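Engineer: Okay, so here is entry14.cif, and as you'll see once you scroll down, it has mmCIF, C-alpha atoms, pLDDT in the B column; chains and numbers go by the auth columns.
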data_data
loop_
_atom_site.group_PDB
_atom_site.id
_atom_site.type_symbol
_atom_site.label_atom_id
_atom_site.label_comp_id
_atom_site.label_asym_id
_atom_site.label_seq_id
_atom_site.Cartn_x
_atom_site.Cartn_y
_atom_site.Cartn_z
_atom_site.B_iso_or_equiv
_atom_site.auth_seq_id
_atom_site.auth_asym_id
ATOM 1 C CA MET A 1 0.000 0.000 0.000 88.00 1 V
ATOM 2 C CA ASN A 2 1.195 3.494 -0.801 92.00 2 V
ATOM 3 C CA ALA A 3 0.201 5.564 2.243 94.00 3 V
ATOM 4 C CA LYS A 4 1.179 8.931 0.755 95.00 4 V
ATOM 5 C CA ARG A 5 -0.877 8.413 -2.381 95.00 5 V
ATOM 6 C CA LEU A 6 -3.743 6.972 -0.327 96.00 6 V
ATOM 7 C CA ILE A 7 -3.850 10.083 1.869 97.00 7 V
ATOM 8 C CA LEU A 8 -3.722 12.369 -1.181 97.00 8 V
ATOM 9 C CA ALA A 9 -6.511 10.406 -2.838 97.00 9 V
ATOM 10 C CA ALA A 10 -8.653 10.463 0.321 98.00 10 V
ATOM 11 C CA ILE A 11 -8.255 14.241 0.618 98.00 11 V
ATOM 12 C CA ALA A 12 -9.147 14.732 -3.048 98.00 12 V
ATOM 13 C CA VAL A 13 -12.141 12.385 -2.841 98.00 13 V
ATOM 14 C CA PHE A 14 -13.377 14.078 0.348 98.00 14 V
ATOM 15 C CA ALA A 15 -13.110 17.547 -1.221 98.00 15 V
ATOM 16 C CA PHE A 16 -14.979 16.336 -4.298 98.00 16 V
ATOM 17 C CA VAL A 17 -17.715 14.588 -2.251 98.00 17 V
ATOM 18 C CA PHE A 18 -18.192 17.677 -0.088 98.00 18 V
ATOM 19 C CA VAL A 19 -18.550 20.037 -3.066 98.00 19 V
ATOM 20 C CA PHE A 20 -20.691 17.589 -5.060 98.00 20 V
ATOM 21 C CA ASP A 21 -23.086 17.091 -2.139 97.00 21 V
ATOM 22 C CA TRP A 22 -23.304 20.845 -1.576 97.00 22 V
ATOM 23 C CA VAL A 23 -24.216 21.403 -5.247 98.00 23 V
ATOM 24 C CA LEU A 24 -26.647 18.455 -5.405 98.00 24 V
ATOM 25 C CA HIS A 25 -28.417 18.932 -2.086 97.00 25 V
ATOM 26 C CA GLY A 26 -27.854 22.619 -1.434 95.00 26 V
ATOM 27 C CA ARG A 27 -28.606 23.900 -4.928 97.00 27 V
ATOM 28 C CA ILE A 28 -30.144 21.377 -7.333 97.00 28 V
ATOM 29 C CA LEU A 29 -32.534 19.695 -4.865 97.00 29 V
ATOM 30 C CA LYS A 30 -33.161 22.765 -2.678 96.00 30 V
ATOM 31 C CA ASP A 31 -36.735 23.327 -3.949 95.00 31 V
ATOM 32 C CA THR A 32 -37.621 19.653 -3.438 96.00 32 V
ATOM 33 C CA TYR A 33 -36.386 19.841 0.156 96.00 33 V
ATOM 34 C CA ILE A 34 -38.405 23.027 0.729 95.00 34 V
ATOM 35 C CA GLN A 35 -41.529 21.295 -0.610 95.00 35 V
ATOM 36 C CA THR A 36 -40.959 18.366 1.773 94.00 36 V
ATOM 37 C CA ALA A 37 -39.770 20.458 4.742 93.00 37 V
ATOM 38 C CA SER A 38 -41.824 18.455 7.253 93.00 38 V
ATOM 39 C CA LEU A 39 -39.543 15.453 6.621 92.00 39 V
ATOM 40 C CA TRP A 40 -36.263 17.221 7.477 94.00 40 V
ATOM 41 C CA ARG A 41 -34.569 19.097 10.288 94.00 41 V
ATOM 42 C CA SER A 42 -34.899 22.868 10.223 92.00 42 V
ATOM 43 C CA GLU A 43 -32.023 24.842 8.716 90.00 43 V
ATOM 44 C CA SER A 44 -30.840 25.886 12.176 94.00 44 V
ATOM 45 C CA GLU A 45 -30.927 22.268 13.391 95.00 45 V
ATOM 46 C CA MET A 46 -29.001 21.160 10.314 93.00 46 V
ATOM 47 C CA GLY A 47 -26.409 23.795 11.091 94.00 47 V
ATOM 48 C CA GLN A 48 -26.068 22.367 14.600 97.00 48 V
ATOM 49 C CA HIS A 49 -25.497 18.908 13.132 97.00 49 V
ATOM 50 C CA PHE A 50 -23.160 20.028 10.330 96.00 50 V
ATOM 51 C CA GLY A 51 -20.145 18.398 12.008 97.00 51 V
ATOM 52 C CA TRP A 52 -21.867 15.005 11.764 97.00 52 V
ATOM 53 C CA LEU A 53 -22.441 15.568 8.061 96.00 53 V
ATOM 54 C CA VAL A 54 -18.765 16.380 7.497 97.00 54 V
ATOM 55 C CA LEU A 55 -17.680 13.418 9.627 98.00 55 V
ATOM 56 C CA GLY A 56 -19.897 11.104 7.565 97.00 56 V
ATOM 57 C CA GLN A 57 -18.491 12.412 4.293 97.00 57 V
ATOM 58 C CA LEU A 58 -14.934 12.126 5.621 98.00 58 V
ATOM 59 C CA LEU A 59 -15.452 8.540 6.795 98.00 59 V
ATOM 60 C CA LEU A 60 -17.099 7.593 3.485 97.00 60 V
ATOM 61 C CA SER A 61 -14.191 9.113 1.541 98.00 61 V
ATOM 62 C CA MET A 62 -11.511 7.451 3.671 98.00 62 V
ATOM 63 C CA MET A 63 -13.110 4.008 3.552 98.00 63 V
ATOM 64 C CA PHE A 64 -13.855 4.319 -0.172 98.00 64 V
ATOM 65 C CA CYS A 65 -10.142 4.902 -0.773 97.00 65 V
ATOM 66 C CA LEU A 66 -8.870 2.360 1.761 97.00 66 V
ATOM 67 C CA ILE A 67 -10.987 -0.485 0.364 97.00 67 V
ATOM 68 C CA TYR A 68 -9.718 0.353 -3.139 96.00 68 V
ATOM 69 C CA ALA A 69 -6.104 0.285 -1.915 95.00 69 V
ATOM 70 C CA LEU A 70 -6.581 -3.056 -0.126 94.00 70 V
ATOM 71 C CA ARG A 71 -8.319 -4.873 -2.971 91.00 71 V
ATOM 72 C CA PRO A 72 -6.405 -7.735 -4.567 85.00 72 V
ATOM 73 C CA GLY A 73 -4.970 -7.454 -8.047 76.00 73 V
ATOM 74 C CA SER A 74 -2.852 -4.889 -9.756 68.00 74 V
ATOM 75 C CA ARG A 75 -5.306 -3.096 -12.015 82.00 75 V
ATOM 76 C CA ASP A 76 -4.999 0.591 -11.311 85.00 76 V
ATOM 77 C CA GLY A 77 -5.870 3.743 -13.167 93.00 77 V
ATOM 78 C CA ILE A 78 -8.904 5.755 -14.123 96.00 78 V
ATOM 79 C CA GLY A 79 -10.790 2.877 -15.814 96.00 79 V
ATOM 80 C CA PRO A 80 -10.614 0.483 -12.860 95.00 80 V
ATOM 81 C CA GLY A 81 -11.380 3.421 -10.558 97.00 81 V
ATOM 82 C CA ILE A 82 -14.567 4.147 -12.509 97.00 82 V
ATOM 83 C CA GLY A 83 -15.584 0.474 -12.323 97.00 83 V
ATOM 84 C CA TYR A 84 -14.914 0.432 -8.587 97.00 84 V
ATOM 85 C CA GLY A 85 -16.865 3.667 -8.112 98.00 85 V
ATOM 86 C CA LEU A 86 -19.840 2.255 -10.035 98.00 86 V
ATOM 87 C CA MET A 87 -19.920 -0.938 -7.973 98.00 87 V
ATOM 88 C CA VAL A 88 -19.724 0.992 -4.688 98.00 88 V
ATOM 89 C CA ALA A 89 -22.388 3.421 -5.942 98.00 89 V
ATOM 90 C CA LEU A 90 -24.796 0.590 -6.742 98.00 90 V
ATOM 91 C CA LEU A 91 -24.158 -0.899 -3.308 98.00 91 V
ATOM 92 C CA LEU A 92 -24.671 2.375 -1.453 98.00 92 V
ATOM 93 C CA THR A 93 -27.624 3.728 -3.446 97.00 93 V
ATOM 94 C CA SER A 94 -29.671 0.503 -3.434 97.00 94 V
ATOM 95 C CA PRO A 95 -31.040 1.047 0.105 97.00 95 V
ATOM 96 C CA THR A 96 -32.576 4.309 -1.151 97.00 96 V
ATOM 97 C CA LEU A 97 -35.242 2.144 -2.775 97.00 97 V
ATOM 98 C CA ILE A 98 -35.999 0.678 0.654 97.00 98 V
ATOM 99 C CA SER A 99 -36.320 4.207 2.042 96.00 99 V
ATOM 100 C CA TYR A 100 -38.866 4.948 -0.673 96.00 100 V
ATOM 101 C CA ALA A 101 -40.855 1.864 0.312 97.00 101 V
ATOM 102 C CA VAL A 102 -41.047 2.811 4.011 96.00 102 V
ATOM 103 C CA GLN A 103 -40.943 6.625 4.037 95.00 103 V
ATOM 104 C CA PRO A 104 -43.173 9.194 2.321 94.00 104 V
ATOM 105 C CA LEU A 105 -40.421 10.468 0.051 95.00 105 V
ATOM 106 C CA PRO A 106 -41.197 11.764 -3.447 95.00 106 V
ATOM 107 C CA LEU A 107 -40.071 9.411 -6.213 96.00 107 V
ATOM 108 C CA ASN A 108 -38.264 12.228 -8.026 96.00 108 V
ATOM 109 C CA LEU A 109 -36.147 12.791 -4.892 97.00 109 V
ATOM 110 C CA ILE A 110 -35.308 9.085 -4.697 97.00 110 V
ATOM 111 C CA GLY A 111 -34.320 9.100 -8.368 98.00 111 V
ATOM 112 C CA SER A 112 -32.173 12.191 -7.821 98.00 112 V
ATOM 113 C CA TRP A 113 -30.433 10.601 -4.852 98.00 113 V
ATOM 114 C CA ILE A 114 -29.700 7.413 -6.800 98.00 114 V
ATOM 115 C CA LEU A 115 -28.543 9.167 -9.971 98.00 115 V
ATOM 116 C CA GLY A 116 -26.546 11.713 -7.966 98.00 116 V
ATOM 117 C CA GLY A 117 -24.932 8.979 -5.879 98.00 117 V
ATOM 118 C CA ILE A 118 -23.935 7.021 -8.963 98.00 118 V
ATOM 119 C CA ILE A 119 -22.485 10.081 -10.703 98.00 119 V
ATOM 120 C CA GLN A 120 -20.687 11.150 -7.529 98.00 120 V
ATOM 121 C CA LEU A 121 -19.026 7.810 -6.831 98.00 121 V
ATOM 122 C CA VAL A 122 -18.111 7.099 -10.453 98.00 122 V
ATOM 123 C CA ILE A 123 -16.305 10.460 -10.597 98.00 123 V
ATOM 124 C CA ALA A 124 -14.796 9.843 -7.140 98.00 124 V
ATOM 125 C CA GLY A 125 -13.590 6.448 -8.410 98.00 125 V
ATOM 126 C CA ALA A 126 -12.003 8.060 -11.464 98.00 126 V
ATOM 127 C CA LEU A 127 -10.300 10.599 -9.215 98.00 127 V
ATOM 128 C CA LEU A 128 -9.119 7.838 -6.885 97.00 128 V
ATOM 129 C CA GLY A 129 -7.868 5.717 -9.788 96.00 129 V
ATOM 130 C CA ALA A 130 -5.977 8.685 -11.221 96.00 130 V
ATOM 131 C CA ILE A 131 -4.223 9.460 -7.918 97.00 131 V
ATOM 132 C CA TYR A 132 -3.653 6.175 -6.112 95.00 132 V
ATOM 133 C CA ARG A 133 -0.942 3.779 -7.242 89.00 133 V
ATOM 134 C CA PRO A 134 0.492 1.020 -5.056 84.00 134 V
ATOM 135 C CA LYS A 135 4.186 1.098 -4.330 78.00 135 V
ATOM 136 C CA PRO A 136 6.118 -0.499 -7.198 74.00 136 V
ATOM 137 C CA ALA A 137 7.583 -3.904 -6.470 67.00 137 V
ATOM 138 C CA THR A 138 11.230 -4.712 -7.104 62.00 138 V
ATOM 139 C CA ALA A 139 12.459 -8.183 -7.928 59.00 139 V
ATOM 140 C CA LEU A 140 14.841 -9.960 -5.565 59.00 140 V
ATOM 141 C CA PRO A 141 17.540 -12.324 -6.853 63.00 141 V
ATOM 142 C CA SER A 142 15.516 -15.352 -5.757 67.00 142 V
ATOM 143 C CA GLY A 143 12.573 -14.246 -7.902 61.00 143 V
ATOM 144 C CA GLN A 144 10.548 -12.918 -4.955 64.00 144 V
ATOM 145 C CA GLN A 145 9.251 -9.365 -5.013 61.00 145 V
ATOM 146 C CA VAL A 146 9.281 -6.720 -2.346 56.00 146 V
ATOM 147 C CA ALA A 147 7.514 -3.349 -2.243 60.00 147 V
ATOM 148 C CA VAL A 148 9.771 -0.309 -2.426 53.00 148 V
ATOM 149 C CA ALA A 149 9.336 2.105 0.481 51.00 149 V
#
Is it possible to give me this structure as C-alpha cells?
Structural biologist:
Amino acid sequence: MNAKRLILAAIAVFAFVFVFDWVLHGRILKDTYIQTASLWRSESEMGQHFGWLVLGQLLLSMMFCLIYALRPGSRDGIGPGIGYGLMVALLLTSPTLISYAVQPLPLNLIGSWILGGIIQLVIAGALLGAIYRPKPATALPSGQQVAVA
C-alpha cells in the first residue's frame, strides 16, 4: 500500500464529495427539500449537526479509498477506478429504494439521490484511480518481489 498516495486520494475524494453534495443537495434539490420540509430538520438544526455531516463524508471518503487500496490485483488507473466507483455506488444507493418503500419520500427525490450517488461515486472512483498507485515492487535475486518504500 502506498500511504502517501492513499492520503492524497482520500483528501481529493473528500473535497470532491463535499462540493458535489453541496451542489446536489444545497442547490439542485433545494426546492424539493423546501416542498418536503416536514420530513427534514430545520435549517438551524441542520447547522447544529453540520459536524456530523462532514464526519460522515470524511469517513465515506476514507473508507472508499482504503478499500480500493486493499483490494487484490494490480489493475490501477482511471478505468478500474470508474468500475470500482460504479460498484460501490450501486451498493450504497440501493437502500434508497428501501427508504422509498417505508418513508413518504417523493419518487423524483429518490431518483435524484440514486442518480446523484452514482455520478458522484463514479467520478470519485475516477479521481481515486488517477491518484492512487500502489508502491512499485522490485524483484529480488531469488525471484521474490518486495515493495519499495
Engineer: V:Asn108, V:Gly116, V:Gln35, V:Pro80: which is nearest Leu92 (chain V), counting all atoms listed in the file?
Structural biologist: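 Counting all atoms listed in the file, the residue closest to Leu92 (chain V) is V:Gly116.
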Engineer: My list of candidates is V:Ile82, V:Leu127, V:Val13, V:Val23. Which is closest to Ser61 (chain V) when distances are computed with only C-alpha atoms?
Structural biologist: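 Counting only C-alpha atoms, the residue closest to Ser61 (chain V) is V:Val13.
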Engineer: For a quick check of understanding, using all atoms listed in the file, which of V:Leu66, V:Gln57, V:Trp52, V:Leu90 has the smallest distance to Asn2 (chain V)?
Structural biologist: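 Under the stated criterion, the closest residue is V:Leu66.
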Engineer: Taking into account only C-alpha atoms, which residue in the set V:Ile110, V:Ala101, V:Leu59, V:Val54 is nearest to Leu29 (chain V)?
Structural biologist: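 Distance minimum relative to Leu29 (chain V) lands on V:Ile110.
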Engineer: Just the number, please: distance in Å from CA of Thr96 (chain V) to CA of Gly111 (chain V), one decimal.
Structural biologist: 8.8 Å
Engineer: Mind pulling up the distance from CA of Pro95 (chain V) to CA of Leu128 (chain V)?
Structural biologist: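 Rounded to one decimal, the two atoms are 24.0 Å apart.
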Engineer: Using Å and a single decimal, report how far CA of Ala69 (chain V) sits from CA of Lys135 (chain V).
Structural biologist: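 So the answer is 10.6 Å.
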Engineer: As a compact mmCIF listing (two decimals) with C-alpha atoms, keeping the file's coordinate frame, please: the residues near Ile11 (chain V) (cut-off 12 Å, only C-alpha atoms, same-chain neighbours under 3 positions excluded).
Structural biologist:
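Output below, filename around31.txt:
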# COMPACT_ATOMS: atom_id res chain seq x y z
CA LYS V 4 1.18 8.93 0.76
CA ARG V 5 -0.88 8.41 -2.38
CA LEU V 6 -3.74 6.97 -0.33
CA ILE V 7 -3.85 10.08 1.87
CA LEU V 8 -3.72 12.37 -1.18
CA PHE V 14 -13.38 14.08 0.35
CA ALA V 15 -13.11 17.55 -1.22
CA PHE V 16 -14.98 16.34 -4.30
CA VAL V 17 -17.72 14.59 -2.25
CA PHE V 18 -18.19 17.68 -0.09
CA GLN V 57 -18.49 12.41 4.29
CA LEU V 58 -14.93 12.13 5.62
CA LEU V 59 -15.45 8.54 6.80
CA LEU V 60 -17.10 7.59 3.48
CA SER V 61 -14.19 9.11 1.54
CA MET V 62 -11.51 7.45 3.67
CA MET V 63 -13.11 4.01 3.55
CA PHE V 64 -13.86 4.32 -0.17
CA CYS V 65 -10.14 4.90 -0.77
CA LEU V 66 -8.87 2.36 1.76
CA ALA V 124 -14.80 9.84 -7.14
CA LEU V 127 -10.30 10.60 -9.22
CA LEU V 128 -9.12 7.84 -6.88
CA ILE V 131 -4.22 9.46 -7.92
CA TYR V 132 -3.65 6.18 -6.11
Engineer: Any idea what's packed within 9 Å of Gly83 (chain V), counting all atoms listed in the file, ignoring anything in its chain fewer than 6 positions away? Could you give it as a list in words?
Structural biologist: Val122, Gly125 and Ala126 of chain V
Engineer: Written as a PDB file with C-alpha atoms, in the coordinates of the input, which residues does the PyMOL selection byres ((chain V and resi 112) around 12) give for the file shown?
Structural biologist:
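Written output follows (out-v3.pdb):
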ATOM      1  CA  ASP V  21     -23.086  17.091  -2.139  1.00 97.00           C
ATOM      2  CA  LEU V  24     -26.647  18.455  -5.405  1.00 98.00           C
ATOM      3  CA  HIS V  25     -28.417  18.932  -2.086  1.00 97.00           C
ATOM      4  CA  ILE V  28     -30.144  21.377  -7.333  1.00 97.00           C
ATOM      5  CA  LEU V  29     -32.534  19.695  -4.865  1.00 97.00           C
ATOM      6  CA  LYS V  30     -33.161  22.765  -2.678  1.00 96.00           C
ATOM      7  CA  THR V  32     -37.621  19.653  -3.438  1.00 96.00           C
ATOM      8  CA  TYR V  33     -36.386  19.841   0.156  1.00 96.00           C
ATOM      9  CA  THR V  93     -27.624   3.728  -3.446  1.00 97.00           C
ATOM     10  CA  THR V  96     -32.576   4.309  -1.151  1.00 97.00           C
ATOM     11  CA  LEU V  97     -35.242   2.144  -2.775  1.00 97.00           C
ATOM     12  CA  LEU V 105     -40.421  10.468   0.051  1.00 95.00           C
ATOM     13  CA  PRO V 106     -41.197  11.764  -3.447  1.00 95.00           C
ATOM     14  CA  LEU V 107     -40.071   9.411  -6.213  1.00 96.00           C
ATOM     15  CA  ASN V 108     -38.264  12.228  -8.026  1.00 96.00           C
ATOM     16  CA  LEU V 109     -36.147  12.791  -4.892  1.00 97.00           C
ATOM     17  CA  ILE V 110     -35.308   9.085  -4.697  1.00 97.00           C
ATOM     18  CA  GLY V 111     -34.320   9.100  -8.368  1.00 98.00           C
ATOM     19  CA  TRP V 113     -30.433  10.601  -4.852  1.00 98.00           C
ATOM     20  CA  ILE V 114     -29.700   7.413  -6.800  1.00 98.00           C
ATOM     21  CA  LEU V 115     -28.543   9.167  -9.971  1.00 98.00           C
ATOM     22  CA  GLY V 116     -26.546  11.713  -7.966  1.00 98.00           C
ATOM     23  CA  GLY V 117     -24.932   8.979  -5.879  1.00 98.00           C
ATOM     24  CA  ILE V 118     -23.935   7.021  -8.963  1.00 98.00           C
ATOM     25  CA  ILE V 119     -22.485  10.081 -10.703  1.00 98.00           C
ATOM     26  CA  GLN V 120     -20.687  11.150  -7.529  1.00 98.00           C
TER      27      GLN V 120
END
Engineer: Using all atoms listed in the file, pick whichever of V:Ala130, V:Met46, V:Val88, V:Val102 has the shortest atom-to-atom distance to Asp76 (chain V).
Structural biologist: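 Of V:Ala130, V:Met46, V:Val88, V:Val102, the one nearest Asp76 (chain V) is V:Ala130, counting all atoms listed in the file.
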Engineer: Hey, which of V:Met1, V:Gly26, V:Asp31, V:Pro72 ends up closest to Pro134 (chain V)? Count all atoms listed in the file.
Structural biologist: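 Ranking V:Met1, V:Gly26, V:Asp31, V:Pro72 by distance to Pro134 (chain V), first place goes to V:Met1.
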Engineer: Using only the atoms of region 87-101 of chain V listed in the file, plus 5 Å on each side, state the axis-aligned box centre and edge lengths in Å rounded to one decimal, as JSON.
Structural biologist:
{"center_x": -30.3, "center_y": 2.0, "center_z": -3.0, "size_x": 31.1, "size_y": 15.9, "size_z": 20.0}
Engineer: Could you write region 50-77 of chain V as an mmCIF file, in the frame of the given file, with N, CA and C atoms rebuilt where they are missing?
Structural biologist:
data_model
loop_
_atom_site.group_PDB
_atom_site.id
_atom_site.type_symbol
_atom_site.label_atom_id
_atom_site.label_comp_id
_atom_site.auth_asym_id
_atom_site.auth_seq_id
_atom_site.Cartn_x
_atom_site.Cartn_y
_atom_site.Cartn_z
ATOM 1 N N PHE V 50 -24.037 19.980 11.498
ATOM 2 C CA PHE V 50 -23.160 20.028 10.330
ATOM 3 C C PHE V 50 -21.890 19.202 10.531
ATOM 4 N N GLY V 51 -21.352 19.182 11.724
ATOM 5 C CA GLY V 51 -20.145 18.398 12.008
ATOM 6 C C GLY V 51 -20.358 16.919 11.739
ATOM 7 N N TRP V 52 -21.554 16.409 12.038
ATOM 8 C CA TRP V 52 -21.867 15.005 11.764
ATOM 9 C C TRP V 52 -21.893 14.737 10.265
ATOM 10 N N LEU V 53 -22.408 15.697 9.516
ATOM 11 C CA LEU V 53 -22.441 15.568 8.061
ATOM 12 C C LEU V 53 -21.021 15.478 7.512
ATOM 13 N N VAL V 54 -20.155 16.375 7.961
ATOM 14 C CA VAL V 54 -18.765 16.380 7.497
ATOM 15 C C VAL V 54 -18.053 15.095 7.922
ATOM 16 N N LEU V 55 -18.286 14.660 9.153
ATOM 17 C CA LEU V 55 -17.680 13.418 9.627
ATOM 18 C C LEU V 55 -18.125 12.236 8.768
ATOM 19 N N GLY V 56 -19.396 12.178 8.421
ATOM 20 C CA GLY V 56 -19.897 11.104 7.565
ATOM 21 C C GLY V 56 -19.258 11.124 6.189
ATOM 22 N N GLN V 57 -19.127 12.305 5.605
ATOM 23 C CA GLN V 57 -18.491 12.412 4.293
ATOM 24 C C GLN V 57 -17.007 12.048 4.369
ATOM 25 N N LEU V 58 -16.357 12.446 5.446
ATOM 26 C CA LEU V 58 -14.934 12.126 5.621
ATOM 27 C C LEU V 58 -14.735 10.618 5.774
ATOM 28 N N LEU V 59 -15.555 9.984 6.596
ATOM 29 C CA LEU V 59 -15.452 8.540 6.795
ATOM 30 C C LEU V 59 -15.753 7.787 5.501
ATOM 31 N N LEU V 60 -16.782 8.215 4.775
ATOM 32 C CA LEU V 60 -17.099 7.593 3.485
ATOM 33 C C LEU V 60 -15.904 7.703 2.540
ATOM 34 N N SER V 61 -15.315 8.886 2.455
ATOM 35 C CA SER V 61 -14.191 9.113 1.541
ATOM 36 C C SER V 61 -12.983 8.269 1.926
ATOM 37 N N MET V 62 -12.669 8.225 3.215
ATOM 38 C CA MET V 62 -11.511 7.451 3.671
ATOM 39 C C MET V 62 -11.706 5.969 3.416
ATOM 40 N N MET V 63 -12.872 5.434 3.743
ATOM 41 C CA MET V 63 -13.110 4.008 3.552
ATOM 42 C C MET V 63 -13.209 3.641 2.076
ATOM 43 N N PHE V 64 -13.786 4.512 1.278
ATOM 44 C CA PHE V 64 -13.855 4.319 -0.172
ATOM 45 C C PHE V 64 -12.441 4.127 -0.728
ATOM 46 N N CYS V 65 -11.526 4.970 -0.297
ATOM 47 C CA CYS V 65 -10.142 4.902 -0.773
ATOM 48 C C CYS V 65 -9.389 3.717 -0.176
ATOM 49 N N LEU V 66 -9.582 3.457 1.099
ATOM 50 C CA LEU V 66 -8.870 2.360 1.761
ATOM 51 C C LEU V 66 -9.262 1.006 1.168
ATOM 52 N N ILE V 67 -10.537 0.789 0.945
ATOM 53 C CA ILE V 67 -10.987 -0.485 0.364
ATOM 54 C C ILE V 67 -10.393 -0.656 -1.036
ATOM 55 N N TYR V 68 -10.334 0.410 -1.806
ATOM 56 C CA TYR V 68 -9.718 0.353 -3.139
ATOM 57 C C TYR V 68 -8.250 -0.042 -3.026
ATOM 58 N N ALA V 69 -7.540 0.565 -2.075
ATOM 59 C CA ALA V 69 -6.104 0.285 -1.915
ATOM 60 C C ALA V 69 -5.852 -1.142 -1.432
ATOM 61 N N LEU V 70 -6.766 -1.717 -0.687
ATOM 62 C CA LEU V 70 -6.581 -3.056 -0.126
ATOM 63 C C LEU V 70 -7.090 -4.173 -1.031
ATOM 64 N N ARG V 71 -7.753 -3.830 -2.118
ATOM 65 C CA ARG V 71 -8.319 -4.873 -2.971
ATOM 66 C C ARG V 71 -7.194 -5.662 -3.638
ATOM 67 N N PRO V 72 -7.440 -6.927 -3.905
ATOM 68 C CA PRO V 72 -6.405 -7.735 -4.567
ATOM 69 C C PRO V 72 -6.297 -7.375 -6.044
ATOM 70 N N GLY V 73 -5.185 -7.711 -6.628
ATOM 71 C CA GLY V 73 -4.970 -7.454 -8.047
ATOM 72 C C GLY V 73 -4.126 -6.214 -8.253
ATOM 73 N N SER V 74 -3.752 -5.997 -9.471
ATOM 74 C CA SER V 74 -2.852 -4.889 -9.756
ATOM 75 C C SER V 74 -3.423 -3.911 -10.761
ATOM 76 N N ARG V 75 -4.703 -4.009 -11.052
ATOM 77 C CA ARG V 75 -5.306 -3.096 -12.015
ATOM 78 C C ARG V 75 -5.547 -1.749 -11.359
ATOM 79 N N ASP V 76 -4.855 -0.751 -11.830
ATOM 80 C CA ASP V 76 -4.999 0.591 -11.311
ATOM 81 C C ASP V 76 -5.205 1.548 -12.461
ATOM 82 N N GLY V 77 -5.660 2.720 -12.158
ATOM 83 C CA GLY V 77 -5.870 3.743 -13.167
ATOM 84 C C GLY V 77 -7.303 4.219 -13.173
#
